[in-house]
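Here the structure is laid out as structure tokens; the discussion comes afterwards.
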Amino acid sequence: MRWALVKVSLAVTAMVVVAFAVPLGLVIREMARDRAFAGAEREAAAVAPALSITTDREQLERVVASAGSDAGMAVHLPASGGETAGADIGRQRATDEDIAAVRRMGRASTAEVPGGSTLLQPVAIGSGEIAVVEVYVPESEVTNGVGTAWAVLAGVGAALIVGSVAVADRLGVRMVRPAQRLVEGAHELGEGKLGARVPEEGPTELRLAAVAFNSMADQVVQLLANERELAADLSHRLRTPLTVLRLNAASLGDGPAADQTRAAVEQLEREVDTIIRTARDAKPQTAAAGPGAGCDAAEVVRERMAFWSALAEDEGRKWRVAGADRPVRIPVARADLAAALDALLGNVFRHTPEGTAFAVDVHNGEDAVIVLVSDAGPGIPDPEAAMARGRGSGSDGSTGLGLDIVRRLAESTGGDVRIGSSVLGGTEVRIWLQLDGRAAPVRRGHRGAVRRRRQPRLVPTFNRSRSLP
């Protein structure tokens, strides 16, 4: 916008300068010419009284000399007696034809000669005949002061152009700066800086835009606060049924199933407490994980597979886990990875028939860790729709947030999630966890997956025939 205003101002001012300077320069040139010939007419008029009194050559020469223009003035007298040509006083520059034409017409005229022009002025003498006074006007007198005037006009025009450009630039800065602040505020708000606001200054339109942006930011903060309060309230309501479940689980006695039920109730209580604390926190955690943060992915996989194995045995499902026999550090919180695995394994049990096999593989690479959860079920007909938050599979009990939880977990490390076909014949969900935490450029695939431009070098660290007891 700033440069557009400068260009418009430059073009308009240049056209105005040209429109006024060129005609003014031509007028000045014409005025200089008129001034030079007016001087020549005055010189010719100074000789006219003497011609009306006498035609004596000596007297006329003294008159011409006294006028101080003997070098540039000539007097052409008419022929007398038997002479065929008149007497000439001074140097003749005009042609005989021009002189004869002026004598015949009886009015003044100008003629072009080498080095300038001449003024031919007819004067009646005592005998009633016509004499012609010729006054030479050099070209330097015709153009005297024209060059200076043109230079002054050019300087004034340049000053006007520079001044208009400077004023337009200042106006452009006054308009562009509020717009830049509005853009910066939008970027900051998009990055999660909820305190970003824009100064309400500048032109009226941009000032109104700043007011609207600040109002929108305030509403966003209020909506997020209301959402946190709602999440905290809903989570707090779960405490009563959780208390009943904990009491009932305590009365189950001993045994693997009772222990697993009590462990699940305790974990659910911890998750609810975490949700309440997070929702009540007015400052969301946006800082990156520091050195040493994260968890052992292999340990979390073994723990969650041990939890789901009891249900798998009840439903007659074959399962296996691979790559979890050695530590695999990832920059992800233990609870977040466990929630993501539970969401994927819960989908396997919820959306595949009983007896369907499933597997979890862990691949440890130099700069990334990949966790594969695959099954032998019917597959996902529309992976892209399944990745959309809140859409789900359309079946009962599906909220569509499970895969979104997994996606946000992977993207928090700079990774992604990809859905495809597994070697078991069903669905394979691939969780890509970036170890260095740098987000690589991504692009959407035709199968609803997010694909990277660069594939890391993976080092297999598993035995596919191994499974948990």
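Letters A, B, ... mark the chains of the structure tokens in the order given; residue numbers begin at 1 per chain; ligand numbers begin at 1, in order shown.
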
Within 10 Å of A:Ile419 using only C-alpha atoms, minus same-chain residues under 2 positions, as a list in words | Leu372, Val373, Ser374, Gly379, Ile380, Asp382, Pro383, Glu384, Ala386, Met387, Leu403, Val417, Ser421, Ser422, Thr427, Glu428, Val429, Arg430, Ile431, Arg447, Gly448, Ala449 and Val450 of chain A

Taking the DSSP assignment computed from this structure's backbone, write out as a ChimeraX atom specification all residues of stretch 195-422 of chain A that belong to alpha helix (DSSP H).
-> /A:204-237,239-250,256-280,297-314,334-351,383-387,402-411

Proximity to A:Ala32 - best of A:Val18, A:Met105, A:Ala50, A:Gly147, only C-alpha atoms =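 Comparing A:Val18, A:Met105, A:Ala50, A:Gly147 against A:Ala32, the winner is A:Gly147.
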
Near A:Ser127, within 12 Å and counting only C-alpha atoms, which residues show up once chain neighbours fewer than 2 positions away are dropped, as a list in words?
->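 That gives Leu51, Ser52, Ile53, Thr54, Thr55, Leu77, Pro78, Ala79, Ser80, Val123, Ala124, Ile125, Glu129, Ile130 and Ala131 of chain A.
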
Counting only C-alpha atoms, the option among A:Ala231, A:Leu5, A:Val156, A:Val348 closest to A:Met175 = A:Leu5

Name all residues at most 10 Å from A:Phe213 (count only C-alpha atoms; drop same-chain ones fewer than 6 positions away) and give them as a PyMOL selection string.
-> chain A and resi 182+185-186+196-198+200+207+219

Out of A:Ala158, A:Ala45, A:Ala264, A:Val369, which residue has the shortest atom-to-atom distance to A:Leu242 when counting only C-alpha atoms?
->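 Answer, going by the shortest atom-to-atom distance: A:Ala264.
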
Which residue gives the smallest distance to A:Ile99 among A:Ser251, A:Val113, A:Pro122, A:Arg334, with only C-alpha atoms counted?
->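 Among A:Ser251, A:Val113, A:Pro122, A:Arg334, it is A:Pro122 that comes nearest to A:Ile99.
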
Taking the DSSP assignment computed from this structure's backbone, write out as JSON, numbers by chain all residues of stretch 17-193 of chain A that belong to strand (DSSP E).
-> {"A": [73, 74, 75, 76, 88, 89, 109, 110, 111, 112, 113, 116, 117, 118, 119, 120, 121, 122, 123, 124, 130, 131, 132, 133, 134, 135, 136, 137, 138]}

Keeping only C-alpha atoms, write the selected residues as a compact mmCIF listing (two decimals), in the first residue's frame.
# COMPACT_ATOMS: atom_id res chain seq x y z
CA MET A 73 21.01 48.79 -38.26
CA ALA A 74 20.70 49.59 -41.93
CA VAL A 75 18.66 52.20 -43.82
CA HIS A 76 17.49 51.44 -47.32
CA ASP A 88 21.96 51.82 -48.39
CA ILE A 89 23.37 52.96 -45.06
CA SER A 109 7.82 42.63 -41.27
CA THR A 110 10.47 40.24 -40.00
CA ALA A 111 12.79 38.03 -41.97
CA GLU A 112 15.10 35.18 -41.00
CA VAL A 113 18.77 35.79 -41.69
CA GLY A 116 19.16 35.69 -36.14
CA SER A 117 16.33 37.78 -37.58
CA THR A 118 15.81 41.28 -38.94
CA LEU A 119 13.02 43.78 -38.41
CA LEU A 120 12.08 45.65 -41.56
CA GLN A 121 10.26 48.88 -40.65
CA PRO A 122 8.87 51.13 -43.52
CA VAL A 123 9.24 54.90 -42.98
CA ALA A 124 7.78 57.64 -45.22
CA ILE A 130 9.12 54.73 -48.59
CA ALA A 131 12.45 54.05 -46.95
CA VAL A 132 13.06 50.81 -45.03
CA VAL A 133 14.89 50.67 -41.72
CA GLU A 134 16.45 47.27 -41.07
CA VAL A 135 17.32 46.32 -37.47
CA TYR A 136 19.25 43.09 -36.85
CA VAL A 137 18.15 40.96 -33.87
CA PRO A 138 20.70 38.22 -32.97

Might you pull out every residue within 9 Å of A:Asp218, with only C-alpha atoms counted and same-chain residues fewer than 4 positions away left off, and present them as a list in words?
->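 Residues meeting the cut-off are Leu194, Gly195, Phe213, Asn214, Gln222 and Leu223 of chain A.
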
Which neighbours of A:Asp169 fall inside 12 Å, counting only C-alpha atoms, when residues of the same chain fewer than 5 positions from it are skipped, and could you give them as a PyMOL selection string?
-> chain A and resi 1-10+162-164+174-177

Among the residues A:Ala343, A:Val12, A:Ile370, A:Ala108, the one that comes closest to A:Ala168 [using only C-alpha atoms] =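 Ranked by minimum distance to A:Ala168, first place goes to A:Val12.
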